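Everything below belongs to structure_13.csv, which stores CSV, C-alpha atoms.
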chain,number,residue,atom,x,y,z
M,46,TRP,CA,20.2,2.3,-1.5
M,47,ARG,CA,23.0,0.1,-2.7
M,48,ASP,CA,25.4,1.2,0.1
M,49,GLU,CA,22.7,0.9,2.7
M,50,MET,CA,21.9,-2.6,1.6
M,51,ARG,CA,25.6,-3.5,1.8
M,52,ARG,CA,25.7,-2.0,5.3
M,53,THR,CA,22.8,-4.0,6.4
M,54,VAL,CA,24.4,-7.3,5.2
M,55,ALA,CA,27.7,-6.4,6.9
M,56,THR,CA,26.4,-5.1,10.3
M,57,SER,CA,22.9,-6.6,11.0
M,58,ALA,CA,23.1,-9.9,12.9
M,59,LEU,CA,19.3,-10.1,12.5
M,60,SER,CA,19.7,-9.9,8.7
M,61,GLN,CA,22.2,-12.7,8.7
M,62,ALA,CA,20.0,-14.9,10.9
M,63,ARG,CA,17.0,-14.2,8.7
M,64,THR,CA,18.6,-15.0,5.4
M,65,GLY,CA,20.1,-18.2,6.9
M,66,THR,CA,16.9,-19.8,8.2
M,67,VAL,CA,13.7,-17.7,8.2
M,68,THR,CA,13.7,-16.5,4.6
M,69,PRO,CA,14.2,-19.9,2.9
M,70,ALA,CA,11.4,-21.4,4.9
M,71,ARG,CA,9.1,-18.5,4.1
M,72,ALA,CA,10.0,-18.7,0.4
M,73,MET,CA,8.9,-22.3,0.3
M,74,ALA,CA,5.7,-21.5,2.1
M,75,TRP,CA,5.1,-18.5,-0.2
M,76,ASP,CA,5.6,-20.7,-3.3
M,77,THR,CA,3.1,-23.2,-2.0
M,78,ALA,CA,0.6,-20.5,-1.2
M,79,VAL,CA,0.9,-19.1,-4.7
M,80,LYS,CA,0.5,-22.5,-6.4
M,81,GLN,CA,-2.5,-23.3,-4.2
M,82,ARG,CA,-4.0,-19.8,-4.8
M,83,ASN,CA,-4.2,-19.4,-1.1
M,84,PHE,CA,-4.4,-15.6,-0.7
M,85,GLY,CA,-4.6,-15.6,3.1
M,86,ALA,CA,-1.4,-17.6,3.5
M,87,PHE,CA,0.3,-15.5,0.8
M,88,ALA,CA,-0.7,-12.3,2.4
M,89,ASP,CA,0.5,-13.3,5.9
M,90,ILE,CA,3.9,-14.1,4.5
M,91,VAL,CA,4.1,-10.9,2.6
M,92,MET,CA,3.5,-8.9,5.8
M,93,ALA,CA,5.9,-11.0,7.9
M,94,GLU,CA,8.7,-10.5,5.3
M,95,SER,CA,8.0,-6.8,5.1
M,96,ASN,CA,8.1,-6.4,8.9
M,97,ALA,CA,11.3,-8.5,9.0
M,98,LEU,CA,13.0,-6.2,6.5
M,99,GLN,CA,12.1,-3.1,8.5
M,100,ALA,CA,13.6,-4.8,11.6
M,101,CYS,CA,16.8,-5.5,9.7
M,102,LEU,CA,17.0,-1.9,8.6
M,103,LEU,CA,16.8,-0.7,12.2
M,104,ASP,CA,19.3,-3.3,13.3
M,105,THR,CA,21.8,-1.9,10.8
M,106,LEU,CA,24.7,0.3,12.1
M,107,PRO,CA,24.0,3.1,11.7
M,108,PRO,CA,20.3,2.4,11.2
M,109,VAL,CA,18.7,2.8,7.8
M,110,PRO,CA,15.5,4.8,7.6
M,111,GLY,CA,12.6,2.9,6.2
M,112,ILE,CA,8.9,3.3,7.2
M,113,ASN,CA,7.6,6.4,9.0
M,114,ASP,CA,4.6,7.2,11.2
M,115,MET,CA,2.2,7.3,8.3
M,116,SER,CA,3.4,3.9,7.1
M,117,ARG,CA,2.5,2.5,10.5
M,118,LYS,CA,-0.9,4.0,10.3
M,119,VAL,CA,-1.4,2.2,7.0
M,120,MET,CA,-0.3,-1.1,8.7
M,121,ASP,CA,-2.8,-0.5,11.4
M,122,VAL,CA,-5.6,0.2,8.9
M,123,VAL,CA,-4.8,-3.0,7.1
M,124,HIS,CA,-4.8,-5.1,10.3
M,125,ARG,CA,-8.1,-3.5,11.5
M,126,PHE,CA,-9.6,-4.3,8.0
M,127,ASN,CA,-8.5,-7.9,8.2
M,128,ALA,CA,-9.9,-8.2,11.8
M,129,HIS,CA,-13.2,-6.8,10.5
M,130,MET,CA,-13.3,-9.2,7.6
M,131,GLY,CA,-12.4,-12.2,9.8
M,132,LEU,CA,-9.5,-13.3,7.6
M,133,THR,CA,-6.4,-11.9,5.9
M,134,ALA,CA,-8.1,-10.0,3.1
M,135,ALA,CA,-5.3,-7.5,2.5
M,136,ALA,CA,-1.5,-7.3,3.0
M,137,TYR,CA,0.9,-4.4,3.1
M,138,SER,CA,4.5,-4.5,1.9
M,139,PHE,CA,7.2,-1.9,2.3
M,140,ASP,CA,10.7,-2.0,0.7
M,141,ALA,CA,13.2,0.6,1.8
M,142,GLY,CA,10.8,3.5,1.8
M,143,PRO,CA,7.6,4.7,3.5
M,144,ASP,CA,5.1,4.1,0.7
M,145,PRO,CA,3.1,0.9,0.8
M,146,ALA,CA,2.1,-1.6,-1.7
M,147,ILE,CA,-1.2,-3.3,-0.7
M,148,PHE,CA,-2.3,-6.7,-2.0
M,149,PHE,CA,-5.9,-7.6,-2.1
M,150,MET,CA,-8.4,-9.7,-4.0
M,151,GLU,CA,-10.5,-7.7,-6.5
M,152,LYS,CA,-13.8,-8.7,-4.8
M,153,ASP,CA,-12.6,-6.9,-1.6
M,154,GLY,CA,-11.3,-3.9,-3.4
M,155,PRO,CA,-14.4,-1.6,-2.9
M,156,GLU,CA,-14.5,-2.1,0.9
M,157,LEU,CA,-10.7,-1.7,1.2
M,158,PHE,CA,-10.6,1.5,-0.9
M,159,MET,CA,-13.4,3.1,1.0
M,160,ARG,CA,-11.2,2.7,4.1
M,161,LEU,CA,-8.2,4.1,2.4
M,162,LEU,CA,-10.1,7.1,1.1
M,163,TYR,CA,-11.6,7.7,4.5
M,164,HIS,CA,-8.3,7.5,6.4
M,165,PHE,CA,-6.0,9.0,3.7
M,166,PRO,CA,-7.8,11.6,1.6
M,167,PRO,CA,-5.8,14.3,-0.2
M,168,ALA,CA,-4.9,17.5,1.6
M,169,LYS,CA,-7.8,19.9,1.9
M,170,ALA,CA,-6.0,22.6,0.0
M,171,SER,CA,-5.4,20.4,-3.0
M,172,ILE,CA,-9.0,19.3,-3.6
M,173,GLU,CA,-10.2,22.3,-5.5
M,174,GLY,CA,-10.0,21.5,-9.2
M,175,LEU,CA,-8.7,18.0,-8.4
M,176,LYS,CA,-10.6,15.1,-10.1
M,177,LEU,CA,-11.2,11.9,-8.1
M,178,THR,CA,-9.5,10.0,-11.0
M,179,GLU,CA,-6.4,12.2,-10.6
M,180,PHE,CA,-6.0,10.8,-7.0
M,181,MET,CA,-7.3,7.3,-7.5
M,182,PHE,CA,-5.6,6.6,-10.8
M,183,GLY,CA,-7.6,4.1,-12.9
M,184,SER,CA,-9.7,2.9,-10.0
M,185,SER,CA,-13.2,3.8,-11.1
M,186,SER,CA,-14.3,0.2,-11.0
M,187,LEU,CA,-13.4,0.0,-7.3
M,188,THR,CA,-15.2,3.2,-6.2
M,189,ALA,CA,-17.8,4.2,-8.8
M,190,SER,CA,-20.7,2.7,-7.0
M,191,LEU,CA,-19.8,4.4,-3.7
M,192,VAL,CA,-18.2,7.8,-4.4
M,193,ASN,CA,-18.5,10.1,-7.3
M,194,ASP,CA,-16.7,13.2,-6.1
M,195,TRP,CA,-14.9,14.8,-3.2
M,196,THR,CA,-18.2,15.6,-1.5
M,197,ASP,CA,-18.8,11.9,-1.2
M,198,VAL,CA,-15.3,11.3,0.0
M,199,ALA,CA,-15.5,14.0,2.7
M,200,ALA,CA,-18.8,12.6,3.9
M,201,LEU,CA,-17.6,9.0,4.2
M,202,PRO,CA,-18.5,7.6,7.6
M,203,PRO,CA,-15.9,6.0,9.8
M,204,PRO,CA,-15.3,2.3,9.0
M,205,LYS,CA,-17.3,0.0,11.3
M,206,GLU,CA,-14.1,-1.4,13.0
M,207,VAL,CA,-13.1,2.1,14.2
M,208,PHE,CA,-16.4,3.8,14.6
M,209,ALA,CA,-16.8,3.4,18.3
M,210,GLU,CA,-13.2,4.5,19.0
M,211,ILE,CA,-13.6,7.6,16.8
M,212,TYR,CA,-17.0,8.5,18.1
M,213,GLN,CA,-15.7,8.5,21.7
M,214,ALA,CA,-12.6,10.5,20.8
M,215,VAL,CA,-14.4,13.4,18.9
M,216,GLN,CA,-17.5,13.4,21.1
M,217,GLN,CA,-19.9,13.8,18.2
M,218,GLN,CA,-17.8,16.5,16.5
M,219,THR,CA,-18.2,16.6,12.7
M,220,LEU,CA,-16.1,14.2,10.8
M,221,VAL,CA,-16.6,15.8,7.4
M,222,HIS,CA,-13.1,16.7,6.4
M,223,ALA,CA,-14.1,19.8,4.5
M,224,GLU,CA,-15.4,21.3,7.8
M,225,ALA,CA,-13.3,19.7,10.5
M,226,ASP,CA,-10.1,21.2,11.9
M,227,ASP,CA,-6.8,19.3,11.9
M,228,ARG,CA,-7.1,18.2,15.6
M,229,THR,CA,-10.6,16.8,15.0
M,230,LEU,CA,-9.4,15.1,11.8
M,231,ASN,CA,-6.5,13.4,13.7
M,232,MET,CA,-8.9,12.1,16.3
M,233,ALA,CA,-11.2,10.9,13.5
M,234,MET,CA,-8.2,9.0,12.0
M,235,ARG,CA,-8.4,11.1,8.8
M,236,TRP,CA,-4.8,11.9,7.8
M,237,CYS,CA,-5.2,14.4,4.9
M,238,GLY,CA,-2.4,14.7,2.4
M,239,ALA,CA,-0.5,11.7,3.7
M,240,PHE,CA,-0.2,10.4,0.1
M,241,CYS,CA,-0.2,12.1,-3.3
M,242,GLY,CA,-2.4,9.4,-4.8
M,243,MET,CA,-3.3,5.7,-5.1
M,244,LEU,CA,-2.6,3.5,-8.0
M,245,PRO,CA,-4.6,0.3,-8.2
M,246,PHE,CA,-3.5,-2.3,-10.8
M,247,ARG,CA,-3.9,-6.0,-11.4
M,248,MET,CA,-1.1,-8.5,-11.1
M,249,GLY,CA,0.4,-9.5,-14.5
M,250,ARG,CA,0.9,-13.1,-15.6
M,251,GLY,CA,4.5,-13.1,-14.7
M,252,PRO,CA,7.6,-13.9,-16.8
M,253,HIS,CA,6.9,-15.2,-20.3
M,254,ILE,CA,8.6,-15.4,-23.7
M,255,VAL,CA,7.8,-12.4,-26.0
M,256,GLU,CA,7.9,-13.5,-29.6
M,257,GLU,CA,7.3,-10.2,-31.4
M,258,GLN,CA,9.9,-7.4,-31.3
M,259,ARG,CA,7.2,-4.8,-31.2
M,260,ASP,CA,6.1,-6.2,-27.8
M,261,HIS,CA,9.6,-5.7,-26.2
M,262,LEU,CA,10.3,-2.8,-23.9
M,263,LEU,CA,14.0,-2.9,-24.6
M,264,ASN,CA,15.8,-2.4,-27.9
M,265,TYR,CA,17.4,-5.7,-28.6
M,266,LYS,CA,20.4,-4.0,-30.2
M,267,THR,CA,21.3,-1.5,-27.4
M,268,GLY,CA,19.6,-3.0,-24.4
M,269,LEU,CA,18.1,0.4,-23.6
M,270,PRO,CA,14.4,1.2,-23.3
M,271,TYR,CA,12.9,2.5,-26.5
M,272,GLY,CA,13.2,6.3,-26.6
M,273,TRP,CA,16.4,6.4,-24.6
M,274,GLY,CA,19.6,7.6,-26.3
M,275,THR,CA,19.8,6.2,-29.8
M,276,ALA,CA,17.2,3.5,-29.3
M,277,THR,CA,14.3,3.8,-31.8
Could you show the structure in this file as structure tokens?
Amino acid sequence: WRDEMRRTVATSALSQARTGTVTPARAMAWDTAVKQRNFGAFADIVMAESNALQACLLDTLPPVPGINDMSRKVMDVVHRFNAHMGLTAAAYSFDAGPDPAIFFMEKDGPELFMRLLYHFPPAKASIEGLKLTEFMFGSSSLTASLVNDWTDVAALPPPKEVFAEIYQAVQQQTLVHAEADDRTLNMAMRWCGAFCGMLPFRMGRGPHIVEEQRDHLLNYKTGLPYGWGTAT
């Protein structure tokens, strides 16, 4: 992506305007939001910056591919979830690819992940023999009280914010993804196989001084990760 980034800097007037005025102001606002632990303000800036980056990629000559149709569906799901919550409870972020990172507060995790599992379950053909924890890596604390296996995932009802829209579209056809055909699933806003998995994790504490050599990820003599080359 190095050449693509250089091309964006050289050819995108939008990128030049953004880095000159918009980004510095947003960086200051973002810093304030983090210091004040204002998640809503933080999340709004994250999405605005993500959207601006994608606009710059399209403004590049020739354009740089970034998000795709499934990425836009994730964006829509997040915005619908926020509207349902009545505040900015989740934020998406895309870099130069189609896969999202989604920020959320832990207390909102179960509700959010039920929506993600409803809208983006694994492909029907891959479910046999696939454990839930092999798709939702390390996420049992977010889903354990709501789903135990793929039968529960398949039977998830549409989220409240899209129920009326889906109900009208499918005209009472089954929404259980093990029984529905692809056309019905699309109308039901269930996009099976869109993603290979979901990886929830907590934010770390940020940069800090590591005192013990055993805690380092890099070999201080070679600068390489342990296990690479001659690093031991």
May I ask for the distance between CA of Met159 in chain M and CA of Tyr137 in chain M, given in Å to one decimal place?
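So the two atoms, CA of Met159 in chain M and CA of Tyr137 in chain M, lie 16.3 Å apart.
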Using only C-alpha atoms, can you tell me which of M:Asn127, M:Leu244, M:Lys176, M:Trp236 comes closest to Gly85 in chain M?
M:Asn127
Have a look at M:Phe158, M:Phe240, M:Phe84, M:Phe208 and name the one nearest to Pro143 in chain M; count only C-alpha atoms.
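Closest candidate: M:Phe240.
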Which of these residues is nearest to Cys241 in chain M, using only C-alpha atoms: M:Ile112, M:Ala168, M:Leu262, M:Leu161?
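Looking only at the distances to Cys241 in chain M, the closest residue turns out to be M:Ala168.
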One-decimal distance in Å that lies between CA of Gly242 in chain M and CA of Phe180 in chain M:
4.4 Å
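Here the question is which of M:Ala146, M:Ile211, M:Ile254, M:Met181 gets nearest to Asn231 in chain M using all atoms listed in the file, and that residue is M:Ile211.
When all atoms listed in the file are used to measure the gap to Asp144 in chain M, the shortest distance among M:Gly65, M:Pro203, M:Gly249, M:Gly111 belongs to M:Gly111.
A straight line drawn from CA of Ala128 in chain M to CA of Lys205 in chain M is 11.1 Å long.
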Given the choices M:Leu157, M:Ala233, M:Ala62, M:Met243, which gets closest to Thr178 in chain M if the distance is worked out from all atoms listed in the file?
M:Met243
Contact residues around Leu102 in chain M with all atoms listed in the file at 7 Å, ignoring same-chain residues under 6 positions, as a PyMOL selection string
chain M and resi 53+108-111
I'd like the contact shell of Ala93 in chain M - 10 Å cut-off, only C-alpha atoms, skipping same-chain residues fewer than 2 positions apart - returned as a ChimeraX atom specification.
/M:71,88-91,95-98,136-138
With all atoms listed in the file as the counted atoms, please give the residues lying no more than 10 Å from Ala58 in chain M, apart from itself and same-chain residues fewer than 4 positions off, as a PyMOL selection string.
chain M and resi 53-54+62-63+101+104-105
